[in-house]
Amino acid sequence: MKSRHLILASAVAAMSVACTGNTTNEAQSTEAVQTDSTATNLQQKLGMYTTVRLTSDLSGLSEKEKQMIPLLIEASNIMDELFWYEAYGKKDSLLNALTDDEAKQFVKINYGPWDRLNNNEPFIPGVGPKPDAANFYPHDMTKEEFEKASLKDKASQYTFLRRDDKGQLITVPYHVQFKEQVTRASNLLRQAANLAEEPGLKKYLTLRAEALLNDNYQPSDLAWMDMKNNRIDVIIGPIETYEDKVFGYKAAHEAYVLIKDMDWSKRLEKYAAFLPELQRGLPVPANYKKETPGTDSDLNAYDVVYYAGDCNAGSKTIAINLPNDEEVQLKKGTRRLQLKNAMQAKFDKIMLPIADELIADDQKQHITFDAFFANTMFHEVAHGLGIKNTINGKGTVREALKERASALEEGKADILGLYMITQLHKKGEVSGSLEDYYTTFMAGIFRSVRFGAASAHGKANMVRFNFFKENGAFERDEQTGKYRVNYVKMGEAMDKLSELILTLQGNGDYAGVGKLLNEQGQIGAELQADLDRLSQKNIPVDVVFEQGVDVLGLK
């Protein structure tokens, strides 16, 4: 293979050190050379992903519902544009500078030149580290400067921090920065609302269209919570704050277009009613579980037919728990959406091969899709347990823990999801053997930890692996390199870790969370060698999608 040169004439916004103007970070120039080894490395990196075709049975949809889907996909593509800006900067400047198709493909998967499944390591030579600020803040801004700035909306989820002509920090609302794009997206949502036959969906789409224009998302979040009978759904807008590694304040744009599986959803609807009872039974002192989770929340199964933006970057989401607004959560609860077709693909293509390589032969029969589905589902349900506001006046847990909040929250949801399954199994509300859920949970740690420490989910899984190891929840056979779950000790470790995480959250213990993540969130040499075996066996880490109107057979 011949060497090819990749000239990055513009390393764009995310590479900037000094920022001028009030809405953009200026590009800097750099030059990168792709050698033969670089090209080979890119081929290996692309091999970490396996392709999945996103389809669904649309025969049960009305003609108007089918007409809505292309409009929602078009609006989703606009969210994709906005996330590119938030995560990196000027997408076209980067892609146009690349002459190699494999490099372009991997850049598109990662929304930039940093490998999201490898701790955001740069994969284009000449590119520096991924800024913690992404493109939300000036890269020369310190935390101290931010804290001192007298800007009332500086911590808003929906503002950028920029510098004015005098170099002073200012805020720029999303709807101002993205005026042209959100106007187009809003119009598309209004067109879809005009086609909507279900009143709840019509109301939500109308309010979401307004929210894109003014950054007031709470009314549409409340309307989204009230929807019950819609077969088409869309999650769209600035939602998760994972991309902001400085404070964890800023929400990034994304979109999912979804088709509800009515039969599966009917089977799941009963579980939300158990939340108050399970909250009362949490293994933690009373003041850490004093809040009552909302029960007016849905637990449904969907086929996802389109991903865009944040949720499409690197590892792909297979279940959703929204909205994130604490006021809405306490008033209405949340909705938990299980993305069944994406989940099945990951189980078949990734989980089963991992289990074959790393789970003891006499326990492999306990790896089942039903357990994988339940573990994933109750992870999302468990986001509703615990506490949203600190017990000592530090504000919300998210505010107190800042950029460390996401990893700890994901860890909480994982371990309390297993706690919920254990408790509901005792009550006879969950079928199957507890060994299925625990063994599949263990295999799931290996799957998720491969997302890397840059991922909140990957970090949370690493903490849990090391905590379980210290507490004897599993044993590793030195001869085979396979793992065997100790079911009794896993249950005990589950309770201990649940108490630790809930206490850290309730106390808003920023330093304590940092200590936990730093000490327990690391991949040891032995585990890394085991994970390397998975790569050597060409077991993919995650999926990429063939998706869109053509894939669905729509015009």
# chains A, B, ... in the order shown; residues from 1 in each chain; ligands from 1
$ closest_atom_pairs --of "region 230-330 of chain A" --to "region 457-475 of chain A" --cutoff "12 Å" --atoms "only C-alpha atoms" --output "JSON lines"
{"residue": "A:Tyr242", "atom": "CA", "partner": "A:His457", "partner_atom": "CA", "distance": 10.0}
{"residue": "A:Gly314", "atom": "CA", "partner": "A:Gly458", "partner_atom": "CA", "distance": 11.9}
{"residue": "A:Ser315", "atom": "CA", "partner": "A:His457", "partner_atom": "CA", "distance": 9.7}
{"residue": "A:Lys316", "atom": "CA", "partner": "A:His457", "partner_atom": "CA", "distance": 11.1}
{"residue": "A:Thr317", "atom": "CA", "partner": "A:His457", "partner_atom": "CA", "distance": 10.3}
$ residues_around --residues "region 49-54 of chain A" --least-positions-apart "4" --cutoff "7 Å" --atoms "only C-alpha atoms" --output "short mmCIF file (atom, residue, chain, number, x, y, z; two decimals) with N, CA and C atoms, in the first residue's frame"
data_model
loop_
_atom_site.label_atom_id
_atom_site.label_comp_id
_atom_site.auth_asym_id
_atom_site.auth_seq_id
_atom_site.Cartn_x
_atom_site.Cartn_y
_atom_site.Cartn_z
N VAL A 305 -35.04 3.66 14.03
CA VAL A 305 -34.80 3.64 12.59
C VAL A 305 -33.86 4.74 12.15
N PRO A 540 -16.23 -7.41 17.37
CA PRO A 540 -16.40 -5.96 17.29
C PRO A 540 -16.68 -5.35 18.65
N VAL A 541 -16.37 -4.06 18.77
CA VAL A 541 -16.64 -3.31 19.99
C VAL A 541 -18.04 -2.70 19.92
N ASP A 542 -18.41 -2.23 18.74
CA ASP A 542 -19.72 -1.61 18.63
C ASP A 542 -20.20 -1.68 17.18
N VAL A 543 -21.26 -0.94 16.90
CA VAL A 543 -21.93 -1.03 15.61
C VAL A 543 -21.96 0.32 14.92
N VAL A 544 -22.06 0.28 13.60
CA VAL A 544 -22.41 1.46 12.80
C VAL A 544 -23.63 1.07 11.97
N PHE A 545 -24.34 2.08 11.50
CA PHE A 545 -25.64 1.81 10.91
C PHE A 545 -25.71 2.13 9.43
N GLU A 546 -26.41 1.27 8.72
CA GLU A 546 -26.99 1.63 7.44
C GLU A 546 -28.41 2.08 7.77
N GLN A 547 -28.73 3.31 7.48
CA GLN A 547 -30.01 3.85 7.94
C GLN A 547 -30.50 4.92 6.98
#
$ select_by_dssp --residues "region 84-152 of chain A" --states "helix (DSSP H, G or I)" --output "ChimeraX atom specification"
/A:84-87,91-97,101-110,143-148
$ write_last_selection --atoms "N, CA and C atoms" --output "mmCIF file, in the first residue's frame"
data_model
loop_
_atom_site.group_PDB
_atom_site.id
_atom_site.type_symbol
_atom_site.label_atom_id
_atom_site.label_comp_id
_atom_site.auth_asym_id
_atom_site.auth_seq_id
_atom_site.Cartn_x
_atom_site.Cartn_y
_atom_site.Cartn_z
ATOM 1 N N TRP A 84 -21.808 18.176 15.290
ATOM 2 C CA TRP A 84 -20.470 18.317 14.710
ATOM 3 C C TRP A 84 -19.817 19.606 15.210
ATOM 4 N N TYR A 85 -20.568 20.691 15.192
ATOM 5 C CA TYR A 85 -20.031 21.973 15.657
ATOM 6 C C TYR A 85 -19.672 21.900 17.140
ATOM 7 N N GLU A 86 -20.545 21.304 17.945
ATOM 8 C CA GLU A 86 -20.320 21.240 19.385
ATOM 9 C C GLU A 86 -19.134 20.347 19.741
ATOM 10 N N ALA A 87 -18.996 19.241 19.027
ATOM 11 C CA ALA A 87 -17.958 18.272 19.355
ATOM 12 C C ALA A 87 -16.608 18.641 18.758
ATOM 13 N N LYS A 91 -16.733 20.928 10.489
ATOM 14 C CA LYS A 91 -16.668 19.577 9.923
ATOM 15 C C LYS A 91 -16.051 19.566 8.533
ATOM 16 N N ASP A 92 -16.522 20.450 7.655
ATOM 17 C CA ASP A 92 -16.079 20.424 6.263
ATOM 18 C C ASP A 92 -14.590 20.710 6.139
ATOM 19 N N SER A 93 -14.042 21.570 7.007
ATOM 20 C CA SER A 93 -12.613 21.885 6.940
ATOM 21 C C SER A 93 -11.769 20.640 7.183
ATOM 22 N N LEU A 94 -12.226 19.796 8.076
ATOM 23 C CA LEU A 94 -11.499 18.558 8.360
ATOM 24 C C LEU A 94 -11.672 17.554 7.231
ATOM 25 N N LEU A 95 -12.909 17.271 6.865
ATOM 26 C CA LEU A 95 -13.162 16.224 5.869
ATOM 27 C C LEU A 95 -12.571 16.584 4.511
ATOM 28 N N ASN A 96 -12.627 17.857 4.142
ATOM 29 C CA ASN A 96 -12.091 18.267 2.843
ATOM 30 C C ASN A 96 -10.574 18.169 2.787
ATOM 31 N N ALA A 97 -9.943 18.198 3.948
ATOM 32 C CA ALA A 97 -8.486 18.101 3.997
ATOM 33 C C ALA A 97 -7.996 16.657 3.922
ATOM 34 N N ASP A 101 -10.153 7.609 2.080
ATOM 35 C CA ASP A 101 -11.538 7.248 2.382
ATOM 36 C C ASP A 101 -11.692 6.625 3.760
ATOM 37 N N GLU A 102 -10.723 5.799 4.166
ATOM 38 C CA GLU A 102 -10.814 5.162 5.480
ATOM 39 C C GLU A 102 -10.703 6.197 6.598
ATOM 40 N N ALA A 103 -9.821 7.174 6.405
ATOM 41 C CA ALA A 103 -9.699 8.230 7.406
ATOM 42 C C ALA A 103 -10.998 9.016 7.506
ATOM 43 N N LYS A 104 -11.591 9.335 6.357
ATOM 44 C CA LYS A 104 -12.860 10.065 6.365
ATOM 45 C C LYS A 104 -13.955 9.268 7.059
ATOM 46 N N GLN A 105 -13.992 7.976 6.775
ATOM 47 C CA GLN A 105 -15.028 7.138 7.366
ATOM 48 C C GLN A 105 -14.895 7.095 8.885
ATOM 49 N N PHE A 106 -13.654 6.970 9.377
ATOM 50 C CA PHE A 106 -13.474 6.872 10.827
ATOM 51 C C PHE A 106 -13.704 8.223 11.494
ATOM 52 N N VAL A 107 -13.356 9.297 10.818
ATOM 53 C CA VAL A 107 -13.661 10.632 11.335
ATOM 54 C C VAL A 107 -15.168 10.799 11.479
ATOM 55 N N LYS A 108 -15.930 10.336 10.500
ATOM 56 C CA LYS A 108 -17.389 10.469 10.564
ATOM 57 C C LYS A 108 -17.973 9.646 11.709
ATOM 58 N N ILE A 109 -17.447 8.466 11.942
ATOM 59 C CA ILE A 109 -17.926 7.637 13.054
ATOM 60 C C ILE A 109 -17.711 8.345 14.380
ATOM 61 N N ASN A 110 -16.575 9.052 14.504
ATOM 62 C CA ASN A 110 -16.178 9.670 15.772
ATOM 63 C C ASN A 110 -16.514 11.149 15.877
ATOM 64 N N LYS A 143 -11.167 27.141 34.684
ATOM 65 C CA LYS A 143 -12.347 26.976 35.536
ATOM 66 C C LYS A 143 -12.512 28.183 36.457
ATOM 67 N N GLU A 144 -11.389 28.720 36.922
ATOM 68 C CA GLU A 144 -11.455 29.864 37.823
ATOM 69 C C GLU A 144 -12.052 31.084 37.109
ATOM 70 N N GLU A 145 -11.669 31.275 35.844
ATOM 71 C CA GLU A 145 -12.222 32.391 35.084
ATOM 72 C C GLU A 145 -13.725 32.226 34.906
ATOM 73 N N PHE A 146 -14.136 31.008 34.637
ATOM 74 C CA PHE A 146 -15.565 30.736 34.479
ATOM 75 C C PHE A 146 -16.311 31.043 35.777
ATOM 76 N N GLU A 147 -15.777 30.565 36.895
ATOM 77 C CA GLU A 147 -16.455 30.752 38.175
ATOM 78 C C GLU A 147 -16.583 32.230 38.532
ATOM 79 N N LYS A 148 -15.592 33.025 38.175
ATOM 80 C CA LYS A 148 -15.606 34.448 38.514
ATOM 81 C C LYS A 148 -16.496 35.269 37.586
#
$ residues_around --residues "region 346-355 of chain A" --least-positions-apart "4" --cutoff "7 Å" --atoms "only C-alpha atoms" --output "list of chain:residue names"
A:Ala342, A:Ile359, A:Lys364, A:Phe369, A:Ala443, A:Arg447, A:Leu534, A:Ile539, A:Pro540, A:Val541
$ write_last_selection --atoms "C-alpha atoms" --output "compact mmCIF listing (two decimals), in the first residue's frame"
# COMPACT_ATOMS: atom_id res chain seq x y z
CA ALA A 342 -30.32 -2.28 18.12
CA ILE A 359 -17.23 -16.62 30.57
CA LYS A 364 -22.27 -19.73 29.42
CA PHE A 369 -31.10 -12.14 25.31
CA ALA A 443 -20.51 -10.36 30.38
CA ARG A 447 -18.78 -5.36 26.54
CA LEU A 534 -11.41 -10.12 22.09
CA ILE A 539 -15.03 -9.42 18.05
CA PRO A 540 -16.40 -5.96 17.29
CA VAL A 541 -16.64 -3.31 19.99
$ closest_residue --among "A:Asp226, A:Asp153, A:Asp509, A:Asp550" --to "Lys394 (chain A)" --atoms "only C-alpha atoms"
A:Asp509
$ residues_around --residues "Arg533 (chain A)" --least-positions-apart "6" --cutoff "12 Å" --atoms "only C-alpha atoms" --output "MDAnalysis selection string"
chainID A and resid 353:354 356:358 446 450 480:482 526:527 539:540
$ write_last_selection --atoms "N, CA and C atoms" --output "PDB file, in the first residue's frame"
ATOM      1  N   PRO A 353     -20.299 -13.577  21.319  1.00  0.00           N
ATOM      2  CA  PRO A 353     -18.883 -13.897  21.116  1.00  0.00           C
ATOM      3  C   PRO A 353     -18.008 -13.564  22.328  1.00  0.00           C
ATOM      4  N   ILE A 354     -18.314 -12.461  23.034  1.00  0.00           N
ATOM      5  CA  ILE A 354     -17.549 -12.131  24.241  1.00  0.00           C
ATOM      6  C   ILE A 354     -17.732 -13.220  25.298  1.00  0.00           C
ATOM      7  N   ASP A 356     -18.455 -16.313  24.901  1.00  0.00           N
ATOM      8  CA  ASP A 356     -17.794 -17.537  24.472  1.00  0.00           C
ATOM      9  C   ASP A 356     -16.302 -17.495  24.811  1.00  0.00           C
ATOM     10  N   GLU A 357     -15.729 -16.300  24.768  1.00  0.00           N
ATOM     11  CA  GLU A 357     -14.296 -16.151  25.015  1.00  0.00           C
ATOM     12  C   GLU A 357     -13.956 -15.964  26.491  1.00  0.00           C
ATOM     13  N   LEU A 358     -14.828 -15.292  27.274  1.00  0.00           N
ATOM     14  CA  LEU A 358     -14.442 -14.870  28.615  1.00  0.00           C
ATOM     15  C   LEU A 358     -15.271 -15.442  29.763  1.00  0.00           C
ATOM     16  N   PHE A 446     -17.756  -6.610  30.406  1.00  0.00           N
ATOM     17  CA  PHE A 446     -16.699  -6.726  29.401  1.00  0.00           C
ATOM     18  C   PHE A 446     -17.074  -5.989  28.115  1.00  0.00           C
ATOM     19  N   ARG A 450     -15.131  -1.836  27.093  1.00  0.00           N
ATOM     20  CA  ARG A 450     -14.370  -1.634  25.857  1.00  0.00           C
ATOM     21  C   ARG A 450     -14.668  -0.282  25.219  1.00  0.00           C
ATOM     22  N   THR A 480      -7.518 -20.934  31.841  1.00  0.00           N
ATOM     23  CA  THR A 480      -8.358 -20.648  30.674  1.00  0.00           C
ATOM     24  C   THR A 480      -8.536 -19.152  30.420  1.00  0.00           C
ATOM     25  N   GLY A 481      -8.248 -18.332  31.441  1.00  0.00           N
ATOM     26  CA  GLY A 481      -8.484 -16.892  31.302  1.00  0.00           C
ATOM     27  C   GLY A 481      -9.957 -16.549  31.264  1.00  0.00           C
ATOM     28  N   LYS A 482     -10.805 -17.455  31.800  1.00  0.00           N
ATOM     29  CA  LYS A 482     -12.244 -17.215  31.804  1.00  0.00           C
ATOM     30  C   LYS A 482     -12.734 -16.895  33.212  1.00  0.00           C
ATOM     31  N   GLU A 526      -4.003  -7.242  33.555  1.00  0.00           N
ATOM     32  CA  GLU A 526      -4.615  -8.551  33.312  1.00  0.00           C
ATOM     33  C   GLU A 526      -5.903  -8.420  32.516  1.00  0.00           C
ATOM     34  N   LEU A 527      -6.761  -7.482  32.915  1.00  0.00           N
ATOM     35  CA  LEU A 527      -8.002  -7.274  32.181  1.00  0.00           C
ATOM     36  C   LEU A 527      -7.717  -6.784  30.766  1.00  0.00           C
ATOM     37  N   ILE A 539     -13.698  -9.679  17.475  1.00  0.00           N
ATOM     38  CA  ILE A 539     -15.027  -9.418  18.049  1.00  0.00           C
ATOM     39  C   ILE A 539     -15.226  -7.906  18.057  1.00  0.00           C
ATOM     40  N   PRO A 540     -16.234  -7.415  17.373  1.00  0.00           N
ATOM     41  CA  PRO A 540     -16.404  -5.958  17.292  1.00  0.00           C
ATOM     42  C   PRO A 540     -16.684  -5.347  18.654  1.00  0.00           C
TER      43      PRO A 540
END
$ closest_atom_pairs --of "region 91-136 of chain A" --to "region 160-175 of chain A" --cutoff "12 Å" --atoms "only C-alpha atoms" --output "CSV"
residue,atom,partner,partner_atom,distance
A:Ala133,CA,A:Leu161,CA,10.0
A:Ala134,CA,A:Phe160,CA,10.8
A:Asn135,CA,A:Phe160,CA,8.1
A:Phe136,CA,A:Phe160,CA,5.1
$ atom_distance --atom1 "CA of Glu492 (chain A)" --atom2 "CA of Thr390 (chain A)"
25.8 Å
$ select_by_dssp --residues "region 130-282 of chain A" --states "strand (DSSP E or B)" --output "NGL selection string"
:A and (159-163 or 169-173 or 232-240 or 252-261)
$ write_last_selection --atoms "N, CA and C atoms" --output "CSV table (one decimal), in the first residue's frame"
chain,number,residue,atom,x,y,z
A,159,THR,N,-26.2,27.3,26.4
A,159,THR,CA,-25.4,28.4,26.0
A,159,THR,C,-24.0,28.0,25.7
A,160,PHE,N,-23.3,28.7,24.7
A,160,PHE,CA,-21.9,28.6,24.5
A,160,PHE,C,-21.2,29.7,25.3
A,161,LEU,N,-20.0,29.5,25.7
A,161,LEU,CA,-19.1,30.5,26.3
A,161,LEU,C,-18.2,31.0,25.2
A,162,ARG,N,-18.1,32.2,24.9
A,162,ARG,CA,-17.3,32.8,23.9
A,162,ARG,C,-16.6,34.1,24.4
A,163,ARG,N,-15.7,34.6,23.6
A,163,ARG,CA,-15.1,35.9,24.0
A,163,ARG,C,-15.5,37.0,23.1
A,169,LEU,N,-15.4,37.0,28.6
A,169,LEU,CA,-16.3,35.9,28.4
A,169,LEU,C,-17.7,36.5,28.2
A,170,ILE,N,-18.4,35.9,27.3
A,170,ILE,CA,-19.8,36.2,27.1
A,170,ILE,C,-20.6,34.9,26.8
A,171,THR,N,-21.9,34.9,26.9
A,171,THR,CA,-22.6,33.7,26.6
A,171,THR,C,-23.4,33.9,25.3
A,172,VAL,N,-23.5,32.8,24.5
A,172,VAL,CA,-24.3,32.9,23.3
A,172,VAL,C,-25.3,31.7,23.3
A,173,PRO,N,-26.6,32.0,23.4
A,173,PRO,CA,-27.6,31.0,23.4
A,173,PRO,C,-27.6,30.1,22.2
A,232,ILE,N,-45.3,6.5,16.4
A,232,ILE,CA,-44.1,7.2,16.0
A,232,ILE,C,-43.6,8.1,17.1
A,233,ASP,N,-42.3,8.1,17.3
A,233,ASP,CA,-41.7,9.0,18.3
A,233,ASP,C,-40.4,9.6,17.8
A,234,VAL,N,-40.0,10.7,18.3
A,234,VAL,CA,-38.7,11.3,18.0
A,234,VAL,C,-38.2,12.0,19.2
A,235,ILE,N,-36.9,11.8,19.5
A,235,ILE,CA,-36.2,12.5,20.5
A,235,ILE,C,-35.3,13.4,19.8
A,236,ILE,N,-35.4,14.7,20.1
A,236,ILE,CA,-34.6,15.6,19.2
A,236,ILE,C,-34.3,16.9,20.0
A,237,GLY,N,-33.1,17.4,19.8
A,237,GLY,CA,-32.6,18.6,20.5
A,237,GLY,C,-31.3,18.4,21.3
A,238,PRO,N,-31.0,19.4,22.1
A,238,PRO,CA,-29.8,19.3,23.0
A,238,PRO,C,-30.2,18.5,24.2
A,239,ILE,N,-29.6,17.4,24.5
A,239,ILE,CA,-30.1,16.5,25.6
A,239,ILE,C,-29.0,16.1,26.6
A,240,GLU,N,-28.0,15.3,26.2
A,240,GLU,CA,-27.1,14.8,27.1
A,240,GLU,C,-25.9,15.7,27.3
A,252,ALA,N,-25.6,18.5,24.3
A,252,ALA,CA,-25.2,18.3,22.9
A,252,ALA,C,-26.5,17.8,22.1
A,253,HIS,N,-26.5,18.2,20.9
A,253,HIS,CA,-27.7,17.9,20.0
A,253,HIS,C,-27.6,16.4,19.5
A,254,GLU,N,-28.8,15.9,19.4
A,254,GLU,CA,-28.9,14.5,18.9
A,254,GLU,C,-30.4,14.3,18.5
A,255,ALA,N,-30.6,13.1,17.9
A,255,ALA,CA,-32.0,12.7,17.5
A,255,ALA,C,-32.1,11.2,17.3
A,256,TYR,N,-33.2,10.7,17.7
A,256,TYR,CA,-33.6,9.3,17.4
A,256,TYR,C,-35.0,9.4,16.8
A,257,VAL,N,-35.2,8.6,15.7
A,257,VAL,CA,-36.5,8.4,15.2
A,257,VAL,C,-36.9,6.9,15.5
A,258,LEU,N,-38.1,6.8,16.1
A,258,LEU,CA,-38.5,5.5,16.7
A,258,LEU,C,-39.9,5.0,16.3
A,259,ILE,N,-40.0,3.7,16.2
A,259,ILE,CA,-41.3,3.0,15.9
A,259,ILE,C,-41.6,2.2,17.1
A,260,LYS,N,-42.7,2.4,17.8
A,260,LYS,CA,-43.1,1.7,19.0
A,260,LYS,C,-43.5,0.3,18.7
A,261,ASP,N,-43.0,-0.7,19.5
A,261,ASP,CA,-43.4,-2.0,19.4
A,261,ASP,C,-44.5,-2.2,20.5
$ closest_atom_pairs --of "region 257-365 of chain A" --to "region 406-425 of chain A" --cutoff "9 Å" --atoms "only C-alpha atoms" --output "CSV"
residue,atom,partner,partner_atom,distance
A:Phe274,CA,A:Leu424,CA,8.6
A:Leu275,CA,A:Met420,CA,9.0
A:Leu278,CA,A:Met420,CA,7.0
A:Leu282,CA,A:Tyr419,CA,8.5
$ write_last_selection --atoms "N, CA and C atoms" --output "compact mmCIF listing (two decimals), in the first residue's frame"
# COMPACT_ATOMS: atom_id res chain seq x y z
N PHE A 274 -43.54 -0.16 40.48
CA PHE A 274 -42.78 -0.67 41.62
C PHE A 274 -41.74 0.32 42.13
N LEU A 275 -41.54 1.44 41.42
CA LEU A 275 -40.46 2.35 41.79
C LEU A 275 -40.53 2.85 43.24
N LEU A 278 -39.45 0.07 45.60
CA LEU A 278 -38.04 -0.24 45.47
C LEU A 278 -37.18 0.89 46.04
N LEU A 282 -34.05 0.67 49.18
CA LEU A 282 -32.65 0.84 48.80
C LEU A 282 -31.73 0.66 50.00
$ residues_around --residues "Glu291 (chain A)" --least-positions-apart "4" --cutoff "8 Å" --atoms "only C-alpha atoms" --output "list in words"
Gly386, Ile387 and Lys388 of chain A
$ atom_distance --atom1 "CA of Lys250 (chain A)" --atom2 "CA of Gly309 (chain A)"
14.5 Å
$ residues_around --residues "Glu326 (chain A)" --least-positions-apart "2" --cutoff "12 Å" --atoms "only C-alpha atoms" --output "VMD selection string"
chain A and resid 218 221 to 222 291 293 to 294 322 to 324 328 to 334 383 to 384 387 to 389 395 to 399
$ write_last_selection --atoms "C-alpha atoms" --output "PDB file, in the first residue's frame"
ATOM      1  CA  GLN A 218     -39.426  22.005  29.730  1.00  0.00           C
ATOM      2  CA  ASP A 221     -40.508  17.575  27.946  1.00  0.00           C
ATOM      3  CA  LEU A 222     -43.745  17.597  29.943  1.00  0.00           C
ATOM      4  CA  GLU A 291     -37.435  11.636  47.395  1.00  0.00           C
ATOM      5  CA  PRO A 293     -39.836   8.872  42.225  1.00  0.00           C
ATOM      6  CA  GLY A 294     -42.660   9.703  39.840  1.00  0.00           C
ATOM      7  CA  LEU A 322     -35.378  10.884  29.628  1.00  0.00           C
ATOM      8  CA  PRO A 323     -35.993  13.700  30.245  1.00  0.00           C
ATOM      9  CA  ASN A 324     -32.996  14.840  32.284  1.00  0.00           C
ATOM     10  CA  VAL A 328     -39.881  17.051  35.292  1.00  0.00           C
ATOM     11  CA  GLN A 329     -38.490  13.832  36.801  1.00  0.00           C
ATOM     12  CA  LEU A 330     -39.874  14.595  40.248  1.00  0.00           C
ATOM     13  CA  LYS A 331     -43.231  15.674  38.832  1.00  0.00           C
ATOM     14  CA  LYS A 332     -43.751  13.115  36.078  1.00  0.00           C
ATOM     15  CA  GLY A 333     -40.991  10.547  36.363  1.00  0.00           C
ATOM     16  CA  THR A 334     -39.183   9.582  33.188  1.00  0.00           C
ATOM     17  CA  HIS A 383     -32.060   6.229  36.830  1.00  0.00           C
ATOM     18  CA  GLY A 384     -35.333   7.138  38.556  1.00  0.00           C
ATOM     19  CA  ILE A 387     -31.780  11.125  44.894  1.00  0.00           C
ATOM     20  CA  LYS A 388     -31.761  14.087  42.499  1.00  0.00           C
ATOM     21  CA  ASN A 389     -30.988  16.806  45.062  1.00  0.00           C
ATOM     22  CA  GLY A 395     -28.047  21.891  44.860  1.00  0.00           C
ATOM     23  CA  THR A 396     -28.817  19.087  42.444  1.00  0.00           C
ATOM     24  CA  VAL A 397     -26.511  16.095  42.245  1.00  0.00           C
ATOM     25  CA  ARG A 398     -25.638  17.101  38.691  1.00  0.00           C
ATOM     26  CA  GLU A 399     -24.647  20.614  39.786  1.00  0.00           C
TER      27      GLU A 399
END
$ atom_distance --atom1 "CA of Lys270 (chain A)" --atom2 "CA of Pro285 (chain A)"
27.2 Å
$ closest_residue --among "A:Ile78, A:Met227, A:Ala371, A:Leu268" --to "Lys179 (chain A)" --atoms "only C-alpha atoms"
A:Ile78
